[in-house]
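J.: My questions all concern the structure below.
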Amino acid sequence: MTTLAPAGRHSEWQSPAIELFVSDLDGTFLGLTESPSAAVTEAAGALVASGIRFAFATGRLPAGLPDLAELAAGPHIVHNGAQVVAQTQTGHETTFALGAAQAARLAAVCRRFDVYAEFYAHDGHYVTRPDPLAEAAWELMMGSPIGLVTDEVLAETTIIKATIADYSGRHTAQLVGEIAAIGLAAEESTAPGMPDAVFINATAPGVSKGTTLRWLCERLGIPLGAVAAIGDGRNDSSMFRIVGTAIAMGSAPADVVALAHFVAPDVFDDGAAVAMRAVLAHTTGRDAA
């Protein structure tokens with residue numbers, strides 16, 4: 001795919017035909033706004049029109065998916081792999097939830113580090129404390145919190161996933177270690193609008209975008225070798241390790257680029273559109289490279 005630069009695993013790429021294109025959202029499909037650019041929307045439409053299936057894989061909750069139901073009906077991977085939804089913003093097919101004891105121990109870690117975190121349930125989300133920085137996201141995609149995270153709430157509520165905000169990025173390694181010690185999976189993600197912040201997705205043991213993509217492909221009858229995945233964060237690495245075509249955004253950390261076959265431009269240069277056009281050209285035989 002000559003319009004994309006080679007990445008760390010380019011020599012391993014086997015030039016497979018693509019049946020499913022999976023895209024991360026923040027920093028990949030979306031930049032600083034909640035609407036994709038015209039170039040990205042057009043490229044995704046062309047991809048789907050060619051017969052290639054399109055799905056999102058994101059740390060967001062279902063209500064945070066773009067309103068593109070006519071383009072991408074799913075299934076989509078949300079909550080960093082903890083849930084699969086049938087289509088944009090409606091219902092869910094499968095949930096891989098935290099255990100009550102694990103959720104309680106995670107809340108204790110958040111209190112000890114005094115970090116803001118969101119604990120997601122089927123009917124909304126709970127927060128560890130009020131946080132003005134999070135209010136814009138509440139308004140855009142999920143509404144105000146149901147309430148505060150308490151021991152009583154965690155004992156009575158199924159928690160799908162938690163997201164911990166490390167705004168300075170100084171405590172990320174410690175937090176990831178603490179989450180792993182509980183037995184939960186922990187993966188880092190970023191947001192274009194907050195370049196210094198790290199958001200840690202805490203999910204049930206072994207749950208990631210990659211494990212859920214494998215689960216989904218088995219049910220769709222799509223070989224992982226026929227999947228192309230694109231993303232910009234470390235929480236996309238689990239997908240890159242298993243798919244036939246892994247594409248890192250230009251802003252991705254070096255260790256993520258090392259796991260990819262190709263590198264696209266960054267989100268502000270419509271890198272996702274460039275990648276989708278390259279996949280389309282490859283699939284239709286217009287690009288033999």
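Chain identifiers are assigned as A, B, and so on, following the order in which chains appear in the structure tokens; residues are numbered from 1 within each chain, and ligands are numbered from 1 in order of appearance.
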Find the residues near Thr150 in chain A: any atom within 9 Å, counting only C-alpha atoms, skip ones fewer than 3 places away on the same chain, and give them as a PDB file with C-alpha atoms, in the first residue's frame.
T.:
```
ATOM      1  CA  ALA A 104     -14.345  -2.121  44.971  1.00  0.00           C
ATOM      2  CA  ALA A 107     -12.218   2.367  43.652  1.00  0.00           C
ATOM      3  CA  TYR A 126     -20.635   6.962  38.381  1.00  0.00           C
ATOM      4  CA  THR A 128     -15.152   9.170  42.023  1.00  0.00           C
ATOM      5  CA  GLY A 147     -23.866   9.724  41.267  1.00  0.00           C
ATOM      6  CA  VAL A 153     -23.094   1.329  44.533  1.00  0.00           C
ATOM      7  CA  LEU A 154     -20.357  -1.122  43.640  1.00  0.00           C
ATOM      8  CA  ALA A 155     -21.988  -3.910  45.653  1.00  0.00           C
TER       9      ALA A 155
END
```
J.: List as a ChimeraX atom specification the protein and nucleic acid residues near Glu188 in chain A, meaning an atom at most 7 Å away when only C-alpha atoms are counted, but skip any in the same chain fewer than 6 places from it.
T.: /A:198-201,234-235
J.: Keeping N, CA and C atoms, export the residues of the selection given above as a JSON list (two decimals), in the first residue's frame.
T.:
```json
[["chain", "number", "residue", "atom", "x", "y", "z"],
["A", 198, "VAL", "N", -3.22, 11.04, 30.30],
["A", 198, "VAL", "CA", -3.32, 9.62, 29.98],
["A", 198, "VAL", "C", -4.60, 9.09, 30.62],
["A", 199, "PHE", "N", -5.36, 8.33, 29.85],
["A", 199, "PHE", "CA", -6.59, 7.74, 30.34],
["A", 199, "PHE", "C", -6.40, 6.23, 30.38],
["A", 200, "ILE", "N", -6.58, 5.66, 31.55],
["A", 200, "ILE", "CA", -6.32, 4.24, 31.74],
["A", 200, "ILE", "C", -7.65, 3.49, 31.78],
["A", 201, "ASN", "N", -7.83, 2.58, 30.85],
["A", 201, "ASN", "CA", -9.03, 1.75, 30.80],
["A", 201, "ASN", "C", -8.81, 0.50, 31.64],
["A", 234, "ARG", "N", -1.82, 3.06, 22.82],
["A", 234, "ARG", "CA", -1.34, 1.76, 23.30],
["A", 234, "ARG", "C", -2.47, 0.76, 23.48],
["A", 235, "ASN", "N", -3.69, 1.25, 23.68],
["A", 235, "ASN", "CA", -4.79, 0.30, 23.79],
["A", 235, "ASN", "C", -5.21, -0.28, 22.44]]
```
J.: Rounded to one decimal in Å, what is the spacing between CA of Leu4 in chain A and CA of Ser50 in chain A?
T.: 20.1 Å
J.: Enumerate as JSON, numbers by chain all residues of range 65-147 of chain A assigned to alpha helix (DSSP H) by DSSP on the backbone, naming them with the chain letters and numbers the document uses.
T.: {"A": [100, 101, 102, 103, 104, 105, 106, 107, 108, 109, 110, 111, 112, 113, 135, 136, 137]}
J.: Output the selection as a PDB file, in the first residue's frame - C-alpha atoms for each residue.
T.:
```pdb
ATOM      1  CA  ALA A 100     -17.855  -6.605  42.369  1.00  0.00           C
ATOM      2  CA  ALA A 101     -14.814  -7.210  44.575  1.00  0.00           C
ATOM      3  CA  GLN A 102     -12.444  -6.079  41.833  1.00  0.00           C
ATOM      4  CA  ALA A 103     -14.470  -2.920  41.245  1.00  0.00           C
ATOM      5  CA  ALA A 104     -14.345  -2.121  44.971  1.00  0.00           C
ATOM      6  CA  ARG A 105     -10.576  -2.595  45.090  1.00  0.00           C
ATOM      7  CA  LEU A 106     -10.197  -0.389  41.997  1.00  0.00           C
ATOM      8  CA  ALA A 107     -12.218   2.367  43.652  1.00  0.00           C
ATOM      9  CA  ALA A 108      -9.914   2.154  46.666  1.00  0.00           C
ATOM     10  CA  VAL A 109      -6.891   2.659  44.392  1.00  0.00           C
ATOM     11  CA  CYS A 110      -8.534   5.731  42.849  1.00  0.00           C
ATOM     12  CA  ARG A 111      -9.184   7.191  46.301  1.00  0.00           C
ATOM     13  CA  ARG A 112      -5.617   6.537  47.401  1.00  0.00           C
ATOM     14  CA  PHE A 113      -4.174   8.327  44.362  1.00  0.00           C
ATOM     15  CA  GLU A 135     -18.100  17.972  32.222  1.00  0.00           C
ATOM     16  CA  ALA A 136     -17.730  18.643  28.485  1.00  0.00           C
ATOM     17  CA  ALA A 137     -17.576  14.898  27.802  1.00  0.00           C
TER      18      ALA A 137
END
```
J.: Measuring between only C-alpha atoms, which one of A:Ala5, A:Leu184, A:Val84, A:Ile52 shows the shortest distance to Thr284 in chain A?
T.: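 Closest residue, counting only C-alpha atoms: A:Ile52.
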J.: Against range 164-181 of chain A, which residues of range 84-121 of chain A fall within 7 Å? For each one I want the closest pair of atoms and the distance in Å (one decimal), counting only C-alpha atoms, rows by chain and increasing residue number, as JSON lines.
T.:
```
{"residue": "A:Leu106", "atom": "CA", "partner": "A:Ile179", "partner_atom": "CA", "distance": 6.8}
{"residue": "A:Val115", "atom": "CA", "partner": "A:Ala165", "partner_atom": "CA", "distance": 6.5}
{"residue": "A:Tyr116", "atom": "CA", "partner": "A:Ala165", "partner_atom": "CA", "distance": 5.6}
{"residue": "A:Ala117", "atom": "CA", "partner": "A:Ile164", "partner_atom": "CA", "distance": 4.2}
{"residue": "A:Glu118", "atom": "CA", "partner": "A:Ile164", "partner_atom": "CA", "distance": 6.6}
```
J.: For the residues in that selection, give me N, CA and C atoms as a PDB file, in the first residue's frame.
T.:
```pdb
ATOM      1  N   LEU A 106     -10.603  -1.438  42.932  1.00  0.00           N
ATOM      2  CA  LEU A 106     -10.197  -0.389  41.997  1.00  0.00           C
ATOM      3  C   LEU A 106     -10.595   0.986  42.520  1.00  0.00           C
ATOM      4  N   VAL A 115      -7.424  10.368  42.156  1.00  0.00           N
ATOM      5  CA  VAL A 115      -7.595  10.598  40.731  1.00  0.00           C
ATOM      6  C   VAL A 115      -9.076  10.538  40.383  1.00  0.00           C
ATOM      7  N   TYR A 116      -9.410  11.255  39.345  1.00  0.00           N
ATOM      8  CA  TYR A 116     -10.772  11.217  38.838  1.00  0.00           C
ATOM      9  C   TYR A 116     -10.955   9.948  38.002  1.00  0.00           C
ATOM     10  N   ALA A 117     -12.074   9.266  38.205  1.00  0.00           N
ATOM     11  CA  ALA A 117     -12.368   8.060  37.434  1.00  0.00           C
ATOM     12  C   ALA A 117     -13.864   7.954  37.196  1.00  0.00           C
ATOM     13  N   GLU A 118     -14.206   7.309  36.107  1.00  0.00           N
ATOM     14  CA  GLU A 118     -15.593   7.035  35.766  1.00  0.00           C
ATOM     15  C   GLU A 118     -15.816   5.531  35.750  1.00  0.00           C
TER      16      GLU A 118
END
```
J.: Pick the closest to Asn80 in chain A from A:Ser238, A:Ser144, A:Thr203, A:Thr157: which is it, counting only C-alpha atoms?
T.: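 Comparing A:Ser238, A:Ser144, A:Thr203, A:Thr157 against Asn80 in chain A, the winner is A:Thr203.
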J.: Can you tell me how far CA of Arg241 in chain A sits from CA of Ala226 in chain A, in Å to one decimal?
T.: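 Distance between the two atoms: 13.4 Å.
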J.: Identify, on the basis of only C-alpha atoms, every residue whose closest approach to Gly51 in chain A does not exceed 12 Å; exclude the query and any residue fewer than 2 positions from it along the same chain; express the result as an MDAnalysis selection string.
T.: chainID A and resid 17:21 44:49 53:54 71:72 280 283:284
